[in-house]
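Raw contents of structure.tsv, TSV, C-alpha atoms:
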chain	number	residue	atom	x	y	z
A	15	MET	CA	0.00	0.00	0.00
A	16	LEU	CA	2.86	2.42	0.62
A	17	SER	CA	4.47	2.45	-2.78
A	18	GLU	CA	2.71	3.13	-6.04
A	19	PRO	CA	1.75	-0.25	-7.50
A	20	ARG	CA	3.36	-1.13	-10.81
A	21	SER	CA	-0.08	-1.89	-12.19
A	22	GLY	CA	-1.11	1.67	-11.31
A	23	ARG	CA	1.79	3.19	-13.21
A	24	LEU	CA	1.17	0.96	-16.22
A	25	ALA	CA	-2.55	1.74	-16.31
A	26	ALA	CA	-2.20	5.48	-15.73
A	27	TRP	CA	0.55	6.13	-18.27
A	28	GLY	CA	-0.81	3.53	-20.66
A	29	ASN	CA	-4.16	5.33	-20.64
A	30	ALA	CA	-2.42	8.64	-21.35
A	31	LEU	CA	-0.54	7.04	-24.23
A	32	LEU	CA	-3.64	5.40	-25.71
A	33	VAL	CA	-5.33	8.79	-26.13
A	34	GLY	CA	-2.21	10.56	-27.38
A	35	LEU	CA	-1.45	12.72	-24.34
A	36	VAL	CA	2.12	11.43	-23.90
A	37	SER	CA	4.76	9.95	-26.17
A	38	PRO	CA	5.64	6.24	-26.04
A	39	ASP	CA	9.09	7.05	-24.65
A	40	ASP	CA	7.68	9.22	-21.84
A	41	ALA	CA	5.03	6.63	-20.97
A	42	VAL	CA	7.52	3.77	-20.78
A	43	LEU	CA	9.97	5.84	-18.74
A	44	ALA	CA	7.24	6.62	-16.19
A	45	VAL	CA	6.03	3.01	-16.02
A	46	VAL	CA	9.49	1.51	-15.54
A	47	GLY	CA	10.41	4.03	-12.84
A	48	GLU	CA	13.34	2.76	-10.79
A	49	ASP	CA	13.17	-0.76	-12.25
A	50	ALA	CA	15.77	-1.84	-14.78
A	51	VAL	CA	13.44	-3.10	-17.50
A	52	HIS	CA	9.86	-4.21	-18.14
A	53	ARG	CA	8.87	-6.79	-20.74
A	54	VAL	CA	5.56	-8.33	-21.80
A	55	GLU	CA	5.24	-12.06	-22.41
A	56	GLY	CA	2.40	-13.90	-24.11
A	57	LEU	CA	1.16	-11.19	-26.46
A	58	PRO	CA	-0.74	-12.63	-29.43
A	59	GLY	CA	1.62	-12.95	-32.39
A	60	GLU	CA	4.75	-12.51	-30.29
A	61	PRO	CA	6.65	-15.76	-29.59
A	62	ALA	CA	9.03	-14.09	-27.13
A	63	PRO	CA	8.81	-11.32	-24.53
A	64	VAL	CA	8.81	-7.80	-26.00
A	65	GLY	CA	9.50	-4.34	-24.62
A	66	LEU	CA	6.76	-2.10	-23.25
A	67	THR	CA	6.78	0.27	-26.23
A	68	LEU	CA	6.04	-2.53	-28.69
A	69	ALA	CA	3.62	-4.19	-26.27
A	70	LEU	CA	1.48	-1.08	-25.75
A	71	GLY	CA	1.38	-0.49	-29.50
A	72	ARG	CA	0.36	-4.08	-30.13
A	73	LEU	CA	-2.38	-3.92	-27.50
A	74	ARG	CA	-3.79	-0.79	-29.13
A	75	ALA	CA	-3.75	-2.59	-32.50
A	76	LEU	CA	-5.63	-5.48	-30.89
A	77	GLY	CA	-8.43	-3.10	-29.86
A	78	VAL	CA	-7.45	-2.04	-26.35
A	79	THR	CA	-8.82	1.42	-25.59
A	80	GLY	CA	-8.14	1.64	-21.86
A	81	LEU	CA	-6.41	-0.02	-18.94
A	82	ARG	CA	-7.88	-0.74	-15.51
A	83	VAL	CA	-6.15	-1.73	-12.26
A	84	ALA	CA	-6.98	-4.68	-10.02
A	85	LEU	CA	-5.59	-4.93	-6.48
A	86	PRO	CA	-7.01	-8.20	-5.14
A	87	ALA	CA	-6.46	-9.69	-1.69
A	88	PRO	CA	-7.58	-13.02	-0.20
A	89	GLY	CA	-11.37	-12.99	-0.10
A	90	HIS	CA	-11.55	-9.73	-2.03
A	91	PRO	CA	-11.13	-10.00	-5.84
A	92	LEU	CA	-11.02	-6.22	-6.23
A	93	GLY	CA	-11.04	-5.16	-9.88
A	94	LEU	CA	-11.08	-8.69	-11.31
A	95	SER	CA	-13.62	-10.24	-13.64
A	96	GLY	CA	-12.22	-13.75	-14.23
A	97	PRO	CA	-11.57	-16.34	-15.42
A	98	PRO	CA	-10.29	-18.22	-12.34
A	99	GLU	CA	-6.86	-18.79	-13.87
A	100	PHE	CA	-6.25	-15.08	-14.33
A	101	ASN	CA	-7.71	-14.25	-10.93
A	102	ALA	CA	-5.37	-16.74	-9.26
A	103	ARG	CA	-2.29	-15.22	-10.93
A	104	ALA	CA	-3.42	-11.71	-10.05
A	105	LEU	CA	-4.10	-12.68	-6.44
A	106	GLU	CA	-0.64	-14.18	-6.13
A	107	ALA	CA	0.91	-10.96	-7.48
A	108	GLU	CA	-1.55	-8.82	-5.49
A	109	GLU	CA	-2.11	-6.67	-8.59
A	110	ALA	CA	-2.95	-6.78	-12.29
A	111	VAL	CA	-3.95	-4.63	-15.24
A	112	VAL	CA	-7.15	-5.48	-17.10
A	113	CYS	CA	-7.58	-4.22	-20.66
A	114	HIS	CA	-10.74	-2.47	-21.82
A	115	GLY	CA	-11.79	-3.05	-25.43
A	116	ALA	CA	-10.07	-6.42	-25.80
A	117	ALA	CA	-10.13	-9.43	-23.47
A	118	PHE	CA	-6.58	-9.36	-22.13
A	119	GLY	CA	-5.02	-8.87	-18.75
A	120	LEU	CA	-1.45	-8.32	-17.56
A	121	VAL	CA	0.03	-9.72	-14.36
A	122	PRO	CA	3.52	-8.67	-13.23
A	123	GLU	CA	6.25	-11.05	-12.12
A	124	VAL	CA	9.17	-9.34	-10.43
A	125	TYR	CA	12.75	-10.60	-10.51
A	126	GLU	CA	15.84	-9.35	-8.72
A	127	ALA	CA	19.17	-9.80	-10.48
A	128	GLY	CA	22.77	-8.79	-9.94
A	129	PRO	CA	25.36	-9.12	-7.17
A	130	ALA	CA	24.82	-7.97	-3.59
A	131	GLY	CA	24.97	-4.20	-3.40
A	132	ASP	CA	24.10	-3.84	-7.08
A	133	VAL	CA	20.74	-5.57	-7.34
A	134	HIS	CA	18.37	-4.41	-10.06
A	135	VAL	CA	14.73	-5.25	-10.64
A	136	GLU	CA	13.28	-6.70	-13.82
A	137	VAL	CA	9.56	-7.10	-14.44
A	138	VAL	CA	7.81	-9.48	-16.83
A	139	TRP	CA	4.13	-8.80	-17.47
A	140	HIS	CA	2.28	-11.99	-18.40
A	141	CYS	CA	-0.49	-11.35	-20.93
A	142	LEU	CA	-3.45	-13.66	-20.31
A	143	PRO	CA	-7.08	-13.91	-21.46
A	144	VAL	CA	-9.70	-12.32	-19.22
A	145	ARG	CA	-13.47	-12.39	-19.06
A	146	GLU	CA	-15.22	-9.29	-20.41
A	147	ALA	CA	-17.38	-8.37	-17.44
A	148	PRO	CA	-17.66	-5.51	-14.94
A	149	PRO	CA	-14.74	-5.47	-12.48
A	150	ALA	CA	-15.51	-6.63	-8.95
A	151	ASP	CA	-16.25	-4.15	-6.15
A	152	VAL	CA	-14.81	-0.97	-7.73
A	153	PRO	CA	-16.51	2.19	-6.37
A	154	SER	CA	-16.96	5.50	-8.12
A	155	LEU	CA	-14.58	8.31	-7.23
A	156	GLY	CA	-17.28	10.01	-5.19
A	157	GLU	CA	-18.03	6.84	-3.23
A	158	ALA	CA	-14.33	6.20	-2.66
A	159	GLU	CA	-13.74	9.71	-1.36
A	160	ARG	CA	-16.61	9.47	1.12
A	161	GLU	CA	-15.56	6.02	2.29
A	162	LEU	CA	-11.97	7.14	2.81
A	163	ALA	CA	-12.94	10.12	4.96
A	164	GLU	CA	-15.12	7.90	7.16
A	165	ALA	CA	-12.52	5.11	7.37
A	166	LEU	CA	-9.72	7.51	8.30
A	167	ARG	CA	-11.78	9.10	11.06
A	168	ASP	CA	-12.99	5.79	12.50
A	169	ALA	CA	-9.58	4.11	12.39
A	170	THR	CA	-7.81	7.07	13.97
A	171	GLU	CA	-10.29	7.08	16.84
A	172	VAL	CA	-9.93	3.33	17.45
A	173	LEU	CA	-6.13	3.30	17.18
A	174	ALA	CA	-5.78	6.29	19.46
A	175	ARG	CA	-8.03	4.63	22.04
A	176	LEU	CA	-5.83	1.52	21.89
A	177	ASP	CA	-2.67	3.66	22.16
A	178	VAL	CA	-1.31	2.21	18.92
A	179	ALA	CA	1.80	3.79	17.38
A	180	GLY	CA	0.12	4.65	14.12
A	181	SER	CA	-2.03	7.53	15.24
A	182	GLY	CA	-1.07	10.94	16.54
A	183	PRO	CA	1.81	13.35	15.81
A	184	VAL	CA	4.46	10.69	15.16
A	185	ALA	CA	2.33	9.06	12.50
A	186	GLU	CA	1.45	12.44	10.99
A	187	ALA	CA	5.15	13.32	10.72
A	188	ALA	CA	5.93	9.99	9.09
A	189	ILE	CA	3.08	10.45	6.63
A	190	ASP	CA	4.24	13.95	5.69
A	191	ALA	CA	7.82	12.76	5.24
A	192	TYR	CA	6.68	9.89	3.06
A	193	ARG	CA	4.56	12.14	0.89
A	194	ALA	CA	7.45	14.57	0.45
A	195	ARG	CA	9.73	11.75	-0.69
A	196	ALA	CA	7.07	10.24	-2.93
A	197	GLU	CA	6.24	13.51	-4.64
A	198	ARG	CA	9.80	14.52	-5.45
A	199	GLY	CA	10.44	13.95	-9.11
A	200	ARG	CA	7.16	12.23	-9.90
A	201	GLU	CA	3.85	13.28	-11.32
A	202	VAL	CA	0.73	12.14	-9.49
A	203	LEU	CA	-1.17	9.91	-11.92
A	204	ALA	CA	-0.70	10.92	-15.57
A	205	PRO	CA	-2.01	13.54	-17.99
A	206	GLY	CA	-5.73	13.22	-18.64
A	207	TYR	CA	-6.82	12.31	-15.12
A	208	PRO	CA	-9.32	14.59	-13.36
A	209	PRO	CA	-8.20	16.52	-10.24
A	210	ARG	CA	-10.61	14.51	-8.11
A	211	ALA	CA	-8.80	11.29	-9.05
A	212	VAL	CA	-5.50	12.81	-7.91
A	213	ARG	CA	-7.10	13.90	-4.64
A	214	VAL	CA	-8.60	10.48	-3.96
A	215	LEU	CA	-5.34	8.73	-4.84
A	216	GLU	CA	-3.33	10.89	-2.46
A	217	LEU	CA	-5.83	10.33	0.36
A	218	ALA	CA	-5.85	6.57	-0.28
A	219	GLN	CA	-2.05	6.50	-0.09
A	220	ARG	CA	-2.18	8.47	3.14
A	221	VAL	CA	-4.71	6.06	4.66
A	222	GLY	CA	-2.65	3.09	3.46
A	223	LEU	CA	0.43	4.52	5.14
A	224	LEU	CA	-1.48	4.98	8.40
A	225	VAL	CA	-2.49	1.31	8.30
A	226	SER	CA	1.08	0.20	7.61
A	227	LEU	CA	2.48	2.34	10.42
A	228	ALA	CA	-0.01	0.83	12.83
A	229	GLN	CA	0.85	-2.69	11.67
A	230	ASP	CA	4.63	-2.29	11.59
A	231	ARG	CA	5.44	-0.33	14.75
A	232	GLY	CA	5.26	-3.16	17.25
A	233	HIS	CA	2.37	-3.59	19.64
A	234	GLY	CA	2.24	-0.07	21.04
A	235	GLY	CA	-0.02	-0.08	24.06
A	236	ALA	CA	-2.18	-2.88	22.69
A	237	VAL	CA	-0.59	-5.67	24.68
A	238	SER	CA	-3.57	-7.89	25.44
A	239	ALA	CA	-5.02	-10.38	23.00
A	240	SER	CA	-8.33	-8.55	22.98
A	241	GLU	CA	-6.65	-5.23	22.19
A	242	MET	CA	-4.59	-6.80	19.40
A	243	ALA	CA	-7.78	-8.32	17.97
A	244	ALA	CA	-9.51	-4.94	18.18
A	245	ARG	CA	-6.65	-3.32	16.29
A	246	GLY	CA	-6.89	-5.97	13.57
A	247	GLU	CA	-10.62	-5.46	13.31
A	248	ALA	CA	-10.10	-1.71	13.00
A	249	LEU	CA	-7.42	-1.99	10.32
A	250	ARG	CA	-8.92	-4.59	8.00
A	251	PRO	CA	-11.84	-2.53	6.68
A	252	VAL	CA	-9.64	0.57	6.45
A	253	GLU	CA	-7.04	-1.23	4.33
A	254	ARG	CA	-9.83	-2.59	2.12
A	255	THR	CA	-11.30	0.89	1.70
A	256	ALA	CA	-7.90	2.33	0.75
A	257	ARG	CA	-7.35	-0.35	-1.90
A	258	ARG	CA	-10.82	0.28	-3.34
A	259	ALA	CA	-10.03	3.98	-3.56
A	260	LEU	CA	-6.70	3.36	-5.28
A	261	VAL	CA	-8.43	1.27	-7.93
A	262	ALA	CA	-11.18	3.86	-8.38
A	263	SER	CA	-8.56	6.56	-8.95
A	264	TYR	CA	-6.54	4.65	-11.54
A	265	ASN	CA	-9.67	3.43	-13.35
A	266	SER	CA	-11.49	6.77	-13.37
A	267	VAL	CA	-10.57	7.86	-16.90
A	268	VAL	CA	-11.82	4.57	-18.36
A	269	GLU	CA	-15.04	4.80	-16.35
A	270	GLU	CA	-15.60	8.38	-17.55
A	271	ARG	CA	-15.18	7.36	-21.18
A	272	GLU	CA	-17.74	4.58	-20.76
A	273	MET	CA	-20.35	7.01	-19.41
A	274	ARG	CA	-20.05	9.40	-22.38
As structure tokens:
Amino acid sequence: MLSEPRSGRLAAWGNALLVGLVSPDDAVLAVVGEDAVHRVEGLPGEPAPVGLTLALGRLRALGVTGLRVALPAPGHPLGLSGPPEFNARALEAEEAVVCHGAAFGLVPEVYEAGPAGDVHVEVVWHCLPVREAPPADVPSLGEAERELAEALRDATEVLARLDVAGSGPVAEAAIDAYRARAERGREVLAPGYPPRAVRVLELAQRVGLLVSLAQDRGHGGAVSASEMAARGEALRPVERTARRALVASYNSVVEEREMR
């Protein structure tokens, strides 16, 4: 939840490329980010993995008009539409990109290569058939924004009552520091996205960071089994809400086009 998912970068900049708002080189540079290289395997007509530039062009030629994000978790197939084989791969990766306009999906597989101290990351996106159906459990931007505000308020109250190190000034400082690092040298989303999508995405990332801080900073004051259980109960729906909002943000331009 803390870092921008690779599927989000691919969908956002792929959508901008598909409508001509960015060049192929700029789109690929933004998608790859700090990774060494991204390739796509399993594209129709391509016997071997190909680079992102060729892959995005081929997908457009195959009829793809938009890209959606899926961020599934166990028991929550968020953004997926099947079939089971694709859903299983996406669940294992915890993310995927689902094409709109042609029945394909892309699931990333991440590799680390190189000697200790000089490790670089390579990503292979596996292109697989998907079912053409509405994605599961994706809210509208308006719904996501309302849910996030409620989830943030409720979780902060519960965590503060349990004296968990994930609420209060320390957490706020960590969140602000993270946002400052994340925003240096990067553009939020990609050209073509509405301001509301950017706002919802930033809030979802902030809520996701709050959840991670609460999970990662030891037990805080919640030392009893009942208090630990209460913290888990408080965090689970908040994390789910944040993931739903992330998907709504990345998918918003495709949803808007469908409503026209």
Q.
If I take CA of Leu24 (chain A) and CA of Leu92 (chain A), how far is one from the other in Å, to one decimal?
A.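 CA of Leu24 (chain A) sits 17.3 Å away from CA of Leu92 (chain A).
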Q: Could you jot down the CA of Arg257 (chain A) to CA of Pro209 (chain A) separation for me, Å, one decimal place?
A: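 Going from CA of Arg257 (chain A) over to CA of Pro209 (chain A) covers 18.8 Å.
Nearest residue to Val261 (chain A) among A:Ala26, A:Leu85, A:Ala204, A:Val46 is A:Leu85, counting only C-alpha atoms.
Here the question is which of A:Ala130, A:Ser21, A:Leu162, A:Pro208 gets nearest to Ala104 (chain A) using all atoms listed in the file, and that residue is A:Ser21.
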(Q) Please report the interatomic distance between CA of Arg258 (chain A) and CA of Cys141 (chain A) in Å with one decimal. (A) 23.5 Å
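In this comparison, which uses all atoms listed in the file, the residue of A:Val268, A:Ala75, A:Ala248, A:Ala50 approaching Tyr125 (chain A) most closely is A:Ala50.
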Q. Nearest to Val225 (chain A): which of A:Leu31, A:Ala256, A:Ala107, A:Leu203 is it, counting all atoms listed in the file?
A.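 Checking each candidate against Val225 (chain A), we get A:Ala256 as the closest.
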Q | Closest of A:Pro153, A:Pro88, A:Gly47, A:Pro251 to Ala102 (chain A) - atom-to-atom distances counting only C-alpha atoms | A | A:Pro88
Mind writing region 156-170 of chain A to a file for me, with all heavy atoms, as a tab-separated table (two decimals), in the first residue's frame?
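Once written, result-v9.tsv looks like this:
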chain	number	residue	atom	x	y	z
A	156	GLY	N	-16.53	9.37	-6.26
A	156	GLY	CA	-17.28	10.01	-5.19
A	156	GLY	C	-17.48	9.07	-4.01
A	156	GLY	O	-17.30	9.46	-2.85
A	157	GLU	N	-17.86	7.83	-4.29
A	157	GLU	CA	-18.03	6.84	-3.23
A	157	GLU	C	-16.72	6.60	-2.50
A	157	GLU	O	-16.68	6.53	-1.26
A	157	GLU	CB	-18.55	5.53	-3.82
A	157	GLU	CG	-19.97	5.59	-4.35
A	157	GLU	CD	-20.33	4.34	-5.14
A	157	GLU	OE1	-19.42	3.67	-5.67
A	157	GLU	OE2	-21.53	4.05	-5.24
A	158	ALA	N	-15.64	6.46	-3.27
A	158	ALA	CA	-14.33	6.20	-2.66
A	158	ALA	C	-13.91	7.33	-1.75
A	158	ALA	O	-13.37	7.10	-0.66
A	158	ALA	CB	-13.29	5.98	-3.76
A	159	GLU	N	-14.14	8.56	-2.17
A	159	GLU	CA	-13.74	9.71	-1.36
A	159	GLU	C	-14.51	9.75	-0.05
A	159	GLU	O	-13.94	9.99	1.03
A	159	GLU	CB	-13.96	11.00	-2.15
A	159	GLU	CG	-13.27	12.21	-1.54
A	159	GLU	CD	-13.25	13.39	-2.50
A	159	GLU	OE1	-14.18	13.51	-3.33
A	159	GLU	OE2	-12.31	14.18	-2.42
A	160	ARG	N	-15.81	9.49	-0.11
A	160	ARG	CA	-16.61	9.47	1.12
A	160	ARG	C	-16.19	8.34	2.05
A	160	ARG	O	-16.06	8.52	3.27
A	160	ARG	CB	-18.10	9.35	0.77
A	160	ARG	CG	-18.70	10.59	0.13
A	160	ARG	CD	-20.20	10.50	0.06
A	160	ARG	NE	-20.65	9.40	-0.79
A	160	ARG	CZ	-20.83	9.50	-2.11
A	160	ARG	NH1	-20.57	10.65	-2.73
A	160	ARG	NH2	-21.25	8.47	-2.81
A	161	GLU	N	-15.96	7.16	1.48
A	161	GLU	CA	-15.56	6.02	2.29
A	161	GLU	C	-14.21	6.26	2.97
A	161	GLU	O	-14.01	5.88	4.13
A	161	GLU	CB	-15.48	4.76	1.41
A	161	GLU	CG	-16.82	4.25	0.92
A	161	GLU	CD	-16.67	3.10	-0.07
A	161	GLU	OE1	-15.51	2.69	-0.32
A	161	GLU	OE2	-17.68	2.62	-0.58
A	162	LEU	N	-13.29	6.88	2.25
A	162	LEU	CA	-11.97	7.14	2.81
A	162	LEU	C	-12.05	8.08	4.00
A	162	LEU	O	-11.39	7.86	5.03
A	162	LEU	CB	-11.05	7.75	1.74
A	162	LEU	CG	-10.37	6.78	0.78
A	162	LEU	CD1	-9.65	7.57	-0.31
A	162	LEU	CD2	-9.39	5.88	1.51
A	163	ALA	N	-12.82	9.15	3.87
A	163	ALA	CA	-12.94	10.12	4.96
A	163	ALA	C	-13.51	9.44	6.21
A	163	ALA	O	-13.02	9.66	7.33
A	163	ALA	CB	-13.83	11.28	4.54
A	164	GLU	N	-14.52	8.60	6.02
A	164	GLU	CA	-15.12	7.90	7.16
A	164	GLU	C	-14.14	6.88	7.75
A	164	GLU	O	-13.99	6.78	8.98
A	164	GLU	CB	-16.39	7.19	6.72
A	164	GLU	CG	-17.51	8.15	6.30
A	164	GLU	CD	-18.70	7.41	5.69
A	164	GLU	OE1	-18.65	6.16	5.65
A	164	GLU	OE2	-19.65	8.09	5.26
A	165	ALA	N	-13.44	6.14	6.90
A	165	ALA	CA	-12.52	5.11	7.37
A	165	ALA	C	-11.35	5.74	8.14
A	165	ALA	O	-10.92	5.21	9.17
A	165	ALA	CB	-11.99	4.29	6.21
A	166	LEU	N	-10.84	6.85	7.63
A	166	LEU	CA	-9.72	7.51	8.30
A	166	LEU	C	-10.13	8.00	9.68
A	166	LEU	O	-9.41	7.82	10.67
A	166	LEU	CB	-9.22	8.67	7.44
A	166	LEU	CG	-8.02	9.44	7.98
A	166	LEU	CD1	-6.83	8.52	8.18
A	166	LEU	CD2	-7.65	10.58	7.04
A	167	ARG	N	-11.31	8.60	9.77
A	167	ARG	CA	-11.78	9.10	11.06
A	167	ARG	C	-12.00	7.95	12.05
A	167	ARG	O	-11.53	8.00	13.19
A	167	ARG	CB	-13.08	9.87	10.87
A	167	ARG	CG	-13.62	10.48	12.16
A	167	ARG	CD	-14.99	11.11	11.97
A	167	ARG	NE	-16.00	10.13	11.59
A	167	ARG	CZ	-16.60	10.08	10.40
A	167	ARG	NH1	-16.30	10.97	9.46
A	167	ARG	NH2	-17.52	9.16	10.14
A	168	ASP	N	-12.68	6.90	11.60
A	168	ASP	CA	-12.99	5.79	12.50
A	168	ASP	C	-11.72	5.08	12.96
A	168	ASP	O	-11.58	4.75	14.15
A	168	ASP	CB	-13.91	4.79	11.80
A	168	ASP	CG	-15.29	5.38	11.50
A	168	ASP	OD1	-15.61	6.43	12.09
A	168	ASP	OD2	-16.02	4.78	10.70
A	169	ALA	N	-10.79	4.84	12.02
A	169	ALA	CA	-9.58	4.11	12.39
A	169	ALA	C	-8.71	4.93	13.33
A	169	ALA	O	-8.14	4.40	14.29
A	169	ALA	CB	-8.78	3.76	11.14
A	170	THR	N	-8.61	6.23	13.08
A	170	THR	CA	-7.81	7.07	13.97
A	170	THR	C	-8.35	7.06	15.38
A	170	THR	O	-7.60	6.98	16.36
A	170	THR	CB	-7.76	8.51	13.42
A	170	THR	OG1	-7.20	8.49	12.10
A	170	THR	CG2	-6.90	9.40	14.31
